[in-house]
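The next block is structure08.txt, given as compact mmCIF, C-alpha atoms.
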# COMPACT_ATOMS: atom_id res chain seq x y z
CA MET A 1 86.36 100.89 84.65
CA GLY A 2 83.76 99.78 82.08
CA THR A 3 80.06 99.16 82.40
CA THR A 4 78.73 95.61 82.66
CA ILE A 5 75.85 95.11 80.25
CA GLU A 6 73.11 92.57 80.94
CA ILE A 7 70.53 92.05 78.18
CA VAL A 8 67.26 90.69 79.57
CA PRO A 9 64.53 89.37 77.25
CA ILE A 10 61.10 90.95 77.72
CA VAL A 11 58.48 88.30 78.49
CA PRO A 12 55.06 90.03 78.62
CA ARG A 13 53.33 87.23 80.53
CA ASN A 14 56.00 87.33 83.25
CA ASP A 15 55.70 91.13 83.47
CA GLY A 16 51.94 90.71 83.89
CA ILE A 17 52.36 88.10 86.62
CA GLU A 18 54.72 90.40 88.53
CA ALA A 19 52.26 93.29 88.25
CA GLY A 20 49.39 91.04 89.32
CA LYS A 21 51.22 89.86 92.43
CA LYS A 22 51.32 93.47 93.64
CA THR A 23 47.53 93.62 93.77
CA SER A 24 44.61 91.22 94.27
CA ARG A 25 41.28 90.28 92.73
CA ALA A 26 39.39 92.24 95.39
CA LYS A 27 41.49 95.34 94.83
CA LEU A 28 41.04 95.21 91.05
CA GLN A 29 37.27 94.86 91.51
CA ARG A 30 37.14 97.83 93.92
CA GLU A 31 39.17 100.04 91.61
CA THR A 32 37.05 99.07 88.61
CA GLU A 33 33.80 99.90 90.43
CA LYS A 34 35.16 103.19 91.70
CA LEU A 35 36.11 104.33 88.21
CA LEU A 36 32.82 103.17 86.69
CA LYS A 37 30.89 105.22 89.26
CA GLY A 38 33.15 108.25 88.84
CA ILE A 39 32.16 111.40 86.98
CA LEU A 40 34.19 110.54 83.89
CA LEU A 41 32.67 107.13 83.10
CA LYS A 42 29.35 106.83 84.93
CA ALA A 43 27.31 107.97 81.90
CA SER A 44 29.07 105.64 79.46
CA LEU A 45 30.73 102.43 80.63
CA GLY A 46 29.26 102.85 84.09
CA ALA A 47 25.72 102.78 82.70
CA MET A 48 26.25 99.29 81.24
CA SER A 49 25.47 96.12 83.14
CA ARG A 50 28.66 94.52 84.40
CA ARG A 51 27.93 91.40 82.35
CA ALA A 52 27.53 93.46 79.15
CA LEU A 53 30.71 95.37 79.93
CA GLY A 54 32.61 92.12 80.42
CA ARG A 55 31.37 90.82 77.06
CA LEU A 56 32.40 94.07 75.36
CA VAL A 57 35.87 93.92 76.87
CA MET A 58 36.47 90.30 75.90
CA GLU A 59 35.24 90.91 72.36
CA ARG A 60 37.70 93.81 72.09
CA LEU A 61 40.49 91.71 73.57
CA GLU A 62 39.88 88.79 71.21
CA THR A 63 39.50 90.89 68.03
CA ARG A 64 42.71 90.87 66.03
CA PRO A 65 43.77 94.30 64.69
CA ASP A 66 44.08 95.03 60.97
CA TYR A 67 47.66 93.91 60.38
CA GLY A 68 47.52 95.17 56.81
CA LYS A 69 46.97 98.73 58.03
CA TYR A 70 49.01 98.36 61.21
CA PRO A 71 51.73 95.74 60.53
CA GLU A 72 53.68 96.40 63.74
CA LEU A 73 50.65 95.34 65.79
CA GLU A 74 51.26 91.76 64.67
CA ASP A 75 54.02 91.85 67.33
CA ILE A 76 52.41 94.19 69.87
CA TYR A 77 48.83 92.84 70.07
CA PRO A 78 49.71 89.24 71.10
CA GLU A 79 52.09 90.61 73.72
CA ARG A 80 49.35 92.81 75.21
CA VAL A 81 47.05 89.78 75.43
CA GLU A 82 49.79 87.74 77.11
CA TYR A 83 50.45 90.56 79.60
CA LEU A 84 46.78 90.69 80.61
CA ARG A 85 46.67 86.92 81.01
CA GLY A 86 49.72 87.15 83.24
CA LEU A 87 48.09 89.97 85.21
CA ALA A 88 45.07 87.78 85.85
CA GLU A 89 47.27 84.88 86.94
CA GLY A 90 49.28 87.03 89.33
CA ALA A 91 46.20 88.71 90.85
CA GLY A 92 44.23 85.47 91.15
CA CYS A 93 41.30 86.59 89.01
CA SER A 94 39.80 85.81 85.61
CA VAL A 95 41.17 87.25 82.38
CA GLU A 96 37.86 89.08 81.96
CA GLU A 97 38.24 90.79 85.34
CA ALA A 98 41.85 91.78 84.65
CA ALA A 99 41.06 93.03 81.15
CA THR A 100 38.01 95.00 82.36
CA TRP A 101 40.10 96.71 85.02
CA ASP A 102 42.75 97.58 82.44
CA TYR A 103 40.21 98.85 79.91
CA VAL A 104 38.33 100.96 82.45
CA LYS A 105 41.58 102.56 83.63
CA TYR A 106 42.52 103.31 80.03
CA ARG A 107 39.18 104.94 79.24
CA ASP A 108 39.22 106.95 82.47
CA MET A 109 42.68 108.32 81.61
CA ASN A 110 41.56 109.27 78.09
CA GLU A 111 38.51 111.09 79.42
CA MET A 112 40.57 112.91 82.03
CA TRP A 113 43.05 114.26 79.46
CA TYR A 114 40.38 115.20 76.94
CA ARG A 115 38.14 116.99 79.44
CA SER A 116 41.05 118.84 81.02
CA LEU A 117 41.55 120.59 77.66
CA ASN A 118 37.96 120.74 76.42
CA ASP A 119 35.71 121.42 79.41
CA PRO A 120 34.21 124.95 79.23
CA SER A 121 33.99 124.99 83.02
CA ASN A 122 37.80 124.87 83.17
CA PRO A 123 38.92 128.47 82.48
CA SER A 124 42.61 127.52 82.51
CA GLY A 125 42.23 124.78 79.91
CA MET A 126 44.47 126.60 77.46
CA VAL A 127 47.08 128.68 79.27
CA GLU A 128 50.13 126.64 80.23
CA GLU A 129 52.10 126.86 83.45
CA GLY A 130 55.37 126.32 81.60
CA HIS A 131 57.27 127.62 78.60
CA CYS A 132 59.53 124.71 77.67
CA SER A 133 61.86 124.87 74.68
CA GLY A 134 63.93 122.29 72.81
CA VAL A 135 66.74 122.21 70.26
CA VAL A 136 68.86 119.74 68.31
CA MET A 137 72.04 120.45 66.35
CA ALA A 138 74.45 118.34 64.33
CA GLY A 139 78.06 119.50 64.45
CA PRO A 140 81.66 118.39 64.91
CA GLU A 141 80.98 117.19 68.49
CA GLY A 142 78.13 114.96 67.35
CA VAL A 143 74.34 115.07 67.26
CA ILE A 144 73.19 116.94 70.38
CA GLY A 145 69.61 117.62 71.45
CA GLY A 146 67.83 118.67 74.61
CA GLN A 147 65.37 120.84 76.47
CA SER A 148 64.87 123.57 79.02
CA ALA A 149 61.83 122.56 81.09
CA GLU A 150 59.74 125.25 82.78
CA SER A 151 56.72 125.16 85.08
CA GLY A 152 55.10 127.16 87.83
CA PRO A 153 57.05 126.93 91.12
CA PRO A 154 55.58 124.36 93.52
CA PHE A 155 55.75 126.88 96.36
CA PRO A 156 56.43 130.64 96.65
CA PRO A 157 59.88 132.06 97.42
CA PRO A 158 60.88 132.36 101.09
CA ARG A 159 60.53 135.60 102.99
CA GLY A 160 63.28 138.00 102.11
CA TYR A 161 64.00 136.39 98.74
CA ARG A 162 65.60 138.81 96.30
CA TRP A 163 65.64 138.29 92.56
CA LYS A 164 69.07 138.67 90.94
CA ASP A 165 69.77 139.35 87.29
CA PRO A 166 71.25 136.08 85.94
CA GLY A 167 73.29 137.76 83.21
CA PRO A 168 73.26 136.78 79.53
CA CYS A 169 73.88 133.03 79.99
CA GLY A 170 74.69 130.42 82.59
CA SER A 171 77.52 128.16 83.66
CA PHE A 172 79.33 125.89 81.19
CA LYS A 173 80.94 123.77 83.92
CA CYS A 174 80.60 119.97 84.05
CA ARG A 175 81.08 117.55 86.91
CA PRO A 176 83.31 114.51 86.26
CA VAL A 177 81.79 112.00 83.86
CA LYS A 178 79.95 109.12 85.54
CA ARG A 179 79.56 105.66 84.04
CA PRO A 180 77.00 103.22 85.44
CA LYS A 181 78.56 100.08 86.91
CA LYS A 182 75.83 97.93 85.40
CA LEU A 183 73.36 98.53 82.61
CA VAL A 184 70.35 96.21 82.49
CA ILE A 185 68.84 96.39 79.02
CA ARG A 186 65.42 94.92 78.21
CA LYS A 187 65.20 93.36 74.77
CA PRO A 188 61.85 92.73 73.04
CA ARG A 189 61.16 89.45 71.25
CA THR A 190 61.16 91.30 67.93
CA GLY A 191 62.48 94.67 66.83
CA TYR A 192 65.19 96.84 68.37
CA ILE A 193 66.12 97.61 71.97
CA GLU A 194 64.35 100.86 72.84
CA ASN A 195 66.70 102.08 75.57
CA TRP A 196 70.48 101.81 75.35
CA GLY A 197 71.30 104.75 77.59
CA ALA A 198 70.76 108.03 75.78
CA THR A 199 69.44 106.40 72.59
CA SER A 200 67.86 103.26 71.23
CA GLU A 201 69.88 100.32 69.91
CA LYS A 202 69.82 102.05 66.50
CA GLY A 203 70.90 105.45 67.81
CA VAL A 204 67.43 107.07 67.65
CA ALA A 205 66.18 109.18 70.56
CA CYS A 206 63.51 111.62 71.67
CA CYS A 207 65.47 114.72 72.67
CA CYS A 208 62.65 116.86 74.06
CA GLY A 209 58.90 116.97 74.58
CA ASN A 210 57.09 120.29 75.04
CA SER A 211 53.38 120.36 75.82
CA CYS A 212 50.84 122.31 73.78
CA SER A 213 47.48 122.68 75.48
CA VAL A 214 44.41 124.08 73.75
CA TRP A 215 40.99 122.74 72.87
CA LEU A 216 42.08 119.83 70.71
CA ASP A 217 40.20 117.54 68.32
CA ASP A 218 37.32 115.21 69.08
CA PRO A 219 37.50 112.73 71.97
CA ILE A 220 40.62 110.59 72.01
CA GLU A 221 40.45 107.47 69.84
CA ASP A 222 39.86 104.20 71.71
CA THR A 223 42.55 101.79 70.47
CA TRP A 224 42.52 99.33 73.41
CA PRO A 225 43.88 96.67 74.00
CA VAL A 226 46.84 98.31 72.24
CA ASN A 227 47.67 101.64 73.84
CA ASP A 228 50.94 103.40 72.97
CA VAL A 229 52.95 101.75 70.20
CA PRO A 230 56.70 101.69 71.04
CA LEU A 231 58.01 103.44 67.94
CA LEU A 232 61.70 103.09 68.84
CA ARG A 233 61.27 99.34 68.77
CA PHE A 234 60.64 99.50 65.02
CA ALA A 235 62.47 102.62 63.82
CA ALA A 236 66.03 102.22 62.54
CA ASN A 237 66.32 105.96 61.84
CA VAL A 238 64.36 109.19 62.09
CA GLY A 239 62.89 108.81 58.60
CA GLN A 240 61.28 105.51 59.59
CA LEU A 241 60.14 106.98 62.88
CA ALA A 242 58.29 109.80 61.08
CA LYS A 243 56.36 107.23 59.02
CA LEU A 244 55.57 105.16 62.10
CA TYR A 245 54.39 108.16 64.11
CA THR A 246 52.09 109.19 61.28
CA ARG A 247 50.73 105.61 61.06
CA TYR A 248 50.11 105.40 64.82
CA THR A 249 48.87 108.95 65.45
CA LEU A 250 45.66 107.67 67.05
CA HIS A 251 47.43 105.15 69.29
CA ASN A 252 50.12 107.62 70.47
CA TRP A 253 47.77 110.52 71.04
CA GLY A 254 49.71 112.94 73.28
CA ARG A 255 49.61 116.66 72.41
CA ALA A 256 53.08 118.14 72.20
CA SER A 257 56.02 119.41 70.20
CA GLN A 258 58.75 116.77 70.30
CA ILE A 259 62.23 116.56 68.79
CA TRP A 260 63.48 113.18 67.57
CA ALA A 261 66.97 112.65 66.17
CA ASP A 262 69.38 109.90 65.17
CA THR A 263 73.14 109.48 65.12
CA GLY A 264 73.13 109.87 61.34
CA GLY A 265 72.42 113.58 61.85
CA ASP A 266 68.75 113.56 60.82
CA ALA A 267 66.09 115.13 63.05
CA ILE A 268 62.40 116.01 63.04
CA VAL A 269 59.95 117.98 65.15
CA VAL A 270 56.67 116.14 65.70
CA GLU A 271 53.77 118.55 66.25
CA LYS A 272 50.96 116.48 67.73
CA SER A 273 47.37 116.83 68.83
CA PHE A 274 45.10 113.95 69.83
CA ARG A 275 44.21 113.05 66.23
CA ARG A 276 46.49 115.15 64.02
CA ILE A 277 50.19 115.28 63.34
CA GLY A 278 52.64 117.57 61.58
CA ILE A 279 56.30 116.86 60.81
CA ARG A 280 59.05 119.49 60.49
CA ARG A 281 62.46 118.31 59.26
CA MET A 282 66.00 119.52 59.88
CA ASP A 283 67.32 121.70 57.06
CA LYS A 284 70.80 122.13 55.61
CA ASP A 285 71.83 124.34 58.54
CA GLY A 286 71.96 121.31 60.85
CA VAL A 287 69.71 122.82 63.53
CA LEU A 288 66.07 122.33 64.52
CA TRP A 289 64.10 123.78 67.41
CA CYS A 290 60.62 123.93 68.93
CA THR A 291 58.84 125.53 71.83
CA GLU A 292 55.79 124.92 73.94
CA GLY A 293 52.53 126.38 72.70
CA HIS A 294 53.69 126.88 69.11
CA TRP A 295 53.31 124.74 65.99
CA GLN A 296 55.11 125.77 62.83
CA SER A 297 54.21 123.13 60.23
CA ASP A 298 51.59 124.51 57.83
CA ASP A 299 48.64 122.30 58.72
CA MET A 300 49.21 122.30 62.49
CA HIS A 301 49.97 126.04 62.66
CA ASP A 302 46.65 126.87 60.98
CA TYR A 303 44.81 124.29 63.07
CA ILE A 304 45.99 125.53 66.45
CA ARG A 305 45.18 129.13 65.56
CA ARG A 306 41.60 128.13 64.70
CA LYS A 307 41.35 126.23 67.96
CA ARG A 308 42.65 129.18 69.98
CA LEU A 309 40.12 131.55 68.45
CA GLU A 310 37.39 128.98 69.04
CA TYR A 311 38.46 128.67 72.68
CA VAL A 312 38.49 132.42 73.26
CA ALA A 313 35.04 132.78 71.72
CA LYS A 314 33.54 129.95 73.77
CA MET A 315 35.03 131.30 76.99
CA GLY A 316 33.74 134.82 76.29
CA LYS A 317 37.25 136.29 76.25
CA HIS A 318 38.73 139.05 74.10
CA LEU A 319 41.71 139.02 71.72
CA GLY A 320 43.96 140.59 74.34
CA ALA A 321 43.32 137.84 76.90
CA GLY A 322 46.23 136.15 78.63
CA ASP A 323 45.61 133.04 76.58
CA LEU A 324 46.50 134.83 73.37
CA GLN A 325 49.35 136.70 75.04
CA TYR A 326 50.71 133.27 75.93
CA ALA A 327 50.39 132.19 72.30
CA THR A 328 52.28 135.29 71.12
CA ASP A 329 54.91 134.72 73.82
CA CYS A 330 55.53 131.22 72.44
CA ALA A 331 55.90 132.51 68.87
CA VAL A 332 58.37 135.21 69.96
CA ARG A 333 60.43 132.67 71.89
CA PHE A 334 60.39 130.33 68.88
CA THR A 335 61.94 133.07 66.75
CA ASN A 336 64.57 133.81 69.39
CA LEU A 337 65.49 130.13 69.54
CA GLY A 338 66.12 130.22 65.79
CA HIS A 339 68.42 133.20 66.25
CA LEU A 340 70.33 131.43 69.03
CA CYS A 341 70.71 128.24 67.01
CA HIS A 342 72.35 130.16 64.16
CA LEU A 343 74.93 131.98 66.29
CA PRO A 344 78.50 131.10 65.16
CA LEU A 345 79.20 128.96 68.24
CA GLY A 346 80.02 125.62 66.60
CA LYS A 347 76.85 123.53 67.21
CA GLY A 348 78.53 121.68 70.05
CA PHE A 349 78.43 121.48 73.86
CA ARG A 350 78.98 125.17 74.50
CA HIS A 351 76.52 126.14 71.80
CA ILE A 352 73.59 124.07 73.08
CA THR A 353 74.35 125.19 76.63
CA ARG A 354 74.23 128.79 75.44
CA VAL A 355 70.83 128.17 73.80
CA LEU A 356 69.31 126.43 76.84
CA THR A 357 70.56 129.12 79.24
CA ASP A 358 69.52 132.17 77.24
CA HIS A 359 68.37 134.96 79.55
CA SER A 360 66.98 137.45 77.05
CA THR A 361 64.38 139.87 78.31
CA PHE A 362 60.80 138.66 78.58
CA PRO A 363 59.19 137.10 76.58
CA ARG A 364 62.15 135.78 74.58
CA ALA A 365 64.01 134.06 77.42
CA VAL A 366 64.55 130.31 77.14
CA CYS A 367 65.88 129.92 80.70
CA ARG A 368 63.36 131.56 83.05
CA HIS A 369 63.79 132.94 86.55
CA GLY A 370 60.48 134.72 87.09
CA GLY A 371 62.08 138.16 87.01
CA PRO A 372 60.44 141.56 87.50
CA ASP A 373 59.75 141.92 83.77
CA THR A 374 57.64 138.75 83.71
CA ALA A 375 54.01 139.18 82.67
CA GLU A 376 51.20 138.40 85.07
CA TYR A 377 50.09 135.29 83.17
CA ASP A 378 53.58 133.74 83.22
CA LYS A 379 54.97 132.66 86.58
CA SER A 380 57.15 129.86 85.23
CA VAL A 381 60.74 129.16 86.22
CA THR A 382 63.22 126.65 84.83
CA MET A 383 63.05 123.40 86.79
CA LEU A 384 65.29 121.20 84.65
CA SER A 385 67.74 121.55 81.82
CA PHE A 386 69.05 118.50 80.01
CA PHE A 387 70.41 117.26 76.70
CA LYS A 388 71.85 114.18 75.04
CA ASN A 389 74.90 113.66 72.87
CA LEU A 390 73.54 110.86 70.73
CA THR A 391 76.90 110.25 69.07
CA ARG A 392 78.68 109.71 72.39
CA ASN A 393 75.67 108.14 74.17
CA ARG A 394 75.97 110.74 76.92
CA GLU A 395 73.35 112.54 79.00
CA TYR A 396 73.76 115.96 80.61
CA GLY A 397 71.37 117.29 83.24
CA ARG A 398 70.95 119.78 86.06
CA GLY A 399 68.01 120.80 88.21
CA TRP A 400 66.57 123.67 90.22
CA ILE A 401 67.60 123.98 93.86
CA PRO A 402 64.41 125.71 95.05
CA TRP A 403 64.95 129.45 95.48
CA LYS A 404 68.70 128.98 95.94
CA LYS A 405 70.11 128.13 92.54
CA PHE A 406 68.56 127.75 89.10
CA PRO A 407 69.79 124.96 86.81
CA CYS A 408 71.93 127.39 84.80
CA GLN A 409 73.91 128.21 87.95
CA VAL A 410 75.07 124.67 88.74
CA PRO A 411 77.46 122.32 86.86
CA TRP A 412 76.15 119.71 84.46
CA GLU A 413 75.85 116.14 85.74
CA VAL A 414 77.26 113.92 82.97
CA THR A 415 76.51 110.23 82.48
CA GLU A 416 78.17 108.22 79.71
CA TYR A 417 76.72 104.90 78.59
CA PRO A 418 78.47 102.17 76.60
CA SER A 419 78.53 102.55 72.85
CA ILE A 420 75.49 101.06 71.14
CA SER A 421 77.90 98.99 69.07
CA VAL A 422 78.81 96.99 72.20
CA ARG A 423 77.12 93.59 72.46
CA LYS A 424 77.91 91.90 75.78
CA LYS A 425 75.82 89.52 77.88

How would this structure read if it were set down as structure tokens?
Amino acid sequence: MGTTIEIVPIVPRNDGIEAGKKTSRAKLQRETEKLLKGILLKASLGAMSRRALGRLVMERLETRPDYGKYPELEDIYPERVEYLRGLAEGAGCSVEEAATWDYVKYRDMNEMWYRSLNDPSNPSGMVEEGHCSGVVMAGPEGVIGGQSAESGPPFPPPRGYRWKDPGPCGSFKCRPVKRPKKLVIRKPRTGYIENWGATSEKGVACCCGNSCSVWLDDPIEDTWPVNDVPLLRFAANVGQLAKLYTRYTLHNWGRASQIWADTGGDAIVVEKSFRRIGIRRMDKDGVLWCTEGHWQSDDMHDYIRRKRLEYVAKMGKHLGAGDLQYATDCAVRFTNLGHLCHLPLGKGFRHITRVLTDHSTFPRAVCRHGGPDTAEYDKSVTMLSFFKNLTRNREYGRGWIPWKKFPCQVPWEVTEYPSISVRKK
């Protein structure tokens, strides 16, 4: 039985009206005031008169971006304005009130992320709670990319819990393939469909996203009313995506190591801080990998090392601190990932499963169970493991059953979406 595809046009004003109906003018005003009086904004936007703030917001909203420098914003900026007008209509307030609420929320979020990684009073601003790793490989079974996602357990193990050695690798079993009965696809007015199951309309996808926390850059750039730029809407392949990501580094400011790939077999790792970006490309071997807490491109590798040493000095720590042990851990795991990717296993389903379920001794392990050899600073366990076959438009995933089974011990859940070549309404 096939999947019914419904393609729905995206109408920003209608989306804004729907969002506005879920709130009210009074609620928007309360939320705006609360944020302006909060610790993150009270010394900046909160210190302005509300009339002056309103004028500032409307000037920002009505100022057209530089389309020569940012040509894609000629599509995005008018849509953002229409969304905010719809929001005002749905909430029963003025455009100024809706836009001020949206701008204040945006600035509060930026401040929160920046301070969480740059506040000297936060001693854990650098060490991560996870050790995520990602990989992509192009082989006879298609272009396959995914991630093992680690974090600190949300609660401790139950009384009597006993750790068991997981062995060298996990299960290769799959559950029967599932196909959604109906796929509702949202189509923008211009550009490509961003989500067609596992990939975009053009077969481009983000295969993994690993965080990379450290003291990073200067405060995040204020690009409102345009926030994130939807790169997949404009990228027909990974080469174009790399150019777009470099152009919109300040708009899409997250700090991470991400893998992007396309069905043509090209792939990149994007190494990203708030204001800087590095690109690593797939080589002739047809594999590419990355890990949390480690940047390998020349500029970003040197940059993050400087920032780590700066952090340790400012916090009064020594070169053997857990923060730098974490950094070394990430580099060791990065090297192990490279070894695993080059094993003669065919660069297919079994190969990527083998990589994502590697149980080498600490600190090399990709799949983590918090075993007895784990260092004090690292309490992470694998919560999720997932990957995509971009060629087949399939997704594979499995999750942690708390303190009963780790993802590597359960079968893969497999979902297959219609081919991106299908065009049905």

Using only C-alpha atoms, tabulate the residues of region 221-298 of chain A lying at most 10 Å from any atom of region 43-60 of chain A, each with its closest atom pair and that distance in Å to one decimal, by chain and increasing residue number, as a Markdown table.
| residue | atom | partner | partner_atom | distance |
| --- | --- | --- | --- | --- |
| A:Thr223 | CA | A:Arg60 | CA | 9.5 |
| A:Trp224 | CA | A:Arg60 | CA | 7.4 |
| A:Pro225 | CA | A:Arg60 | CA | 7.1 |

> What's the 9 Å shell around Asn252 (chain A), counting all atoms listed in the file, without same-chain residues fewer than 6 positions away, as an NGL selection string?
Replying inline: :A and (227-230 or 245 or 274)

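Minimum atom-to-atom distance to Leu244 (chain A), evaluated using only C-alpha atoms, belongs to A:Leu232 out of A:Gly20, A:Gly346, A:Leu232, A:Ile401.
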
>> Report, in Å to a single decimal, how far apart CA of Trp113 (chain A) and CA of Ala26 (chain A) are.
In response: 27.4 Å

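Nearest to Thr199 (chain A) of all the residues A:Pro372, A:Pro157, A:Pro168, A:Gly145 is A:Gly145, based on all atoms listed in the file.
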
>> Around the point (46.0, 100.3, 84.0) (coordinates from the file), which residues reach within 12 Å if we count all atoms listed in the file? Answer as a ChimeraX atom specification.
In response: /A:16,19-20,23,28,31-32,35,83-84,87,98-110,224-227
